[in-house]
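Before any comments, here is the structure.
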Amino acid sequence: MRHLATVAAGIAAVVLITGCGAGEAEKASAPTSKSGASATPGSDDSFDVEVALKNADPAPYSAEIRTETYTGSTLTVVMAGRMNFNGSGPTGKLTLTTSDSVPKDQAFSTETILREDATYTRTLDDDGAVGGWQRTGLDSSSPGIADYGAYAQLLLDLGPKARKGQEKTGGVLAYRLSGSLTQDQLRTVDRRLYDRMRATGTKEFACDVWVNESGRVVRFEQWLEMSGSSARNVVTFKNFGDPVAVSAPE
């Protein structure tokens with residue numbers, strides 16, 4: 001289980017820090033009730049997803065973000081917090097915690113503060129005590145939060161086959177895009193992930209993106225393999241609002 005928890009934590013970090021993961025995996029052809037999305041064909045509230053993405057407000061904003069990582073069918077790691085987007089760089093606060101499926105003696109929890117110039121991380125324990133902050137400076141090679149809107153556009157570029165129609169997810173009407181993306185498609189969108197895929201020999205990966213009528217991504221799913229374990233990441237965004245202040249720890 002230690003191996004499982006470690007792999008799951010790495011996968012969870014990949015989905016946020018580099019966009020999508022390294023590796024290929026078979027994915028479901030359609031969402032199920034377990035995914036929290038339900039199809040609404042022929043809805044009178046239809047909108048053009050391409051126009052919505054194009055007209056999305058470019059002003060800075062924040063959103064609650066939650067990532068669930070499943071190894072096989074087991075929830076193993078949850079990453080959650082609030083992030084600022086559309087600024088000079090994504091900033092915010094996140095916690096990374098193993099689920100109850102991980103034995104107590106193998107469980108862990110960390111807190112991370114992302115600022116434009118550095119990342120700060122500390123370990124939390126079961127008693128509420130915390131370790132010291134560790135600072136990591138950022139440079140041109142440092143990882144960054146994925147631009148999920150760019151992934152939605154890449155899926156749109158695949159043509160009609162990627163357009164799966166409108167569904168309600170998390171109580172919000174959204175348009176689902178689905179497909180597989182290759183190294184070459186990522187070259188100009190996510191150079192870090194492109195380099196990672198080349199280094200690991202990954203040719204493509206499967207992902208779905210749900211876009212609301214305001215052009216915001218409200219859900220992202222990916223299917224991948226890492227260290228011999230198949231996994232699924234589910235990322236949700238909600239409670240959009242004004243940017244929040246993010247200060248460096250003392």
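Convention: chains lettered A, B, ... in structure tokens order; per-chain residue numbering from 1; ligands numbered from 1 as shown.
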
Which residues in stretch 63-242 of chain A does DSSP call helix (DSSP H, G or I)? List them as an MDAnalysis selection string. chainID A and resid 104:106 148:156 160:162 183:186 191:200

Shell around stretch 107-124 of chain A at 9 Å using only C-alpha atoms, local window under 4 positions removed, as a ChimeraX atom specification: /A:2,5,83,88-100,102-103,128-139,246-249

Could you pull out the strand (DSSP E or B) residues of stretch 65-220 of chain A from DSSP and send them as a PyMOL selection string? chain A and resi 65-71+74-85+91-98+109-114+118-124+130+134-137+163-169+172-182+204-212+217-220

Find the distance between atom CA of A:Tyr175 and atom CA of A:Val51 and write it in Å to one decimal.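 A separation of 11.8 Å between them.
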
Distance query A:Pro243 at most 10 Å, only C-alpha atoms, self and fewer than 6 positions along chain excluded, as a PyMOL selection string: chain A and resi 59-63+82-87+91-92

Point out the residue among A:Gly81, A:Thr202, A:Lys161, A:Leu53 with the least atom-to-atom distance to A:Val244, counting only C-alpha atoms.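 Between A:Gly81, A:Thr202, A:Lys161, A:Leu53, the residue approaching A:Val244 most closely is A:Gly81.
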
Expressed in Å to a single decimal, how great is the separation between atom CA of A:Val77 and atom CA of A:Gly215? 28.3 Å

So, counting only C-alpha atoms, which residue among A:Ala245, A:Ala146, A:Leu155, A:Ala231 is closest to A:Asp190?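 Smallest separation from A:Asp190 among the options: A:Ala146.
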
Atom CA of A:Leu173 and atom CA of A:Asn212, how far apart in Å?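 If I compute the distance from atom CA of A:Asn212 to atom CA of A:Leu173, I get 6.3 Å.
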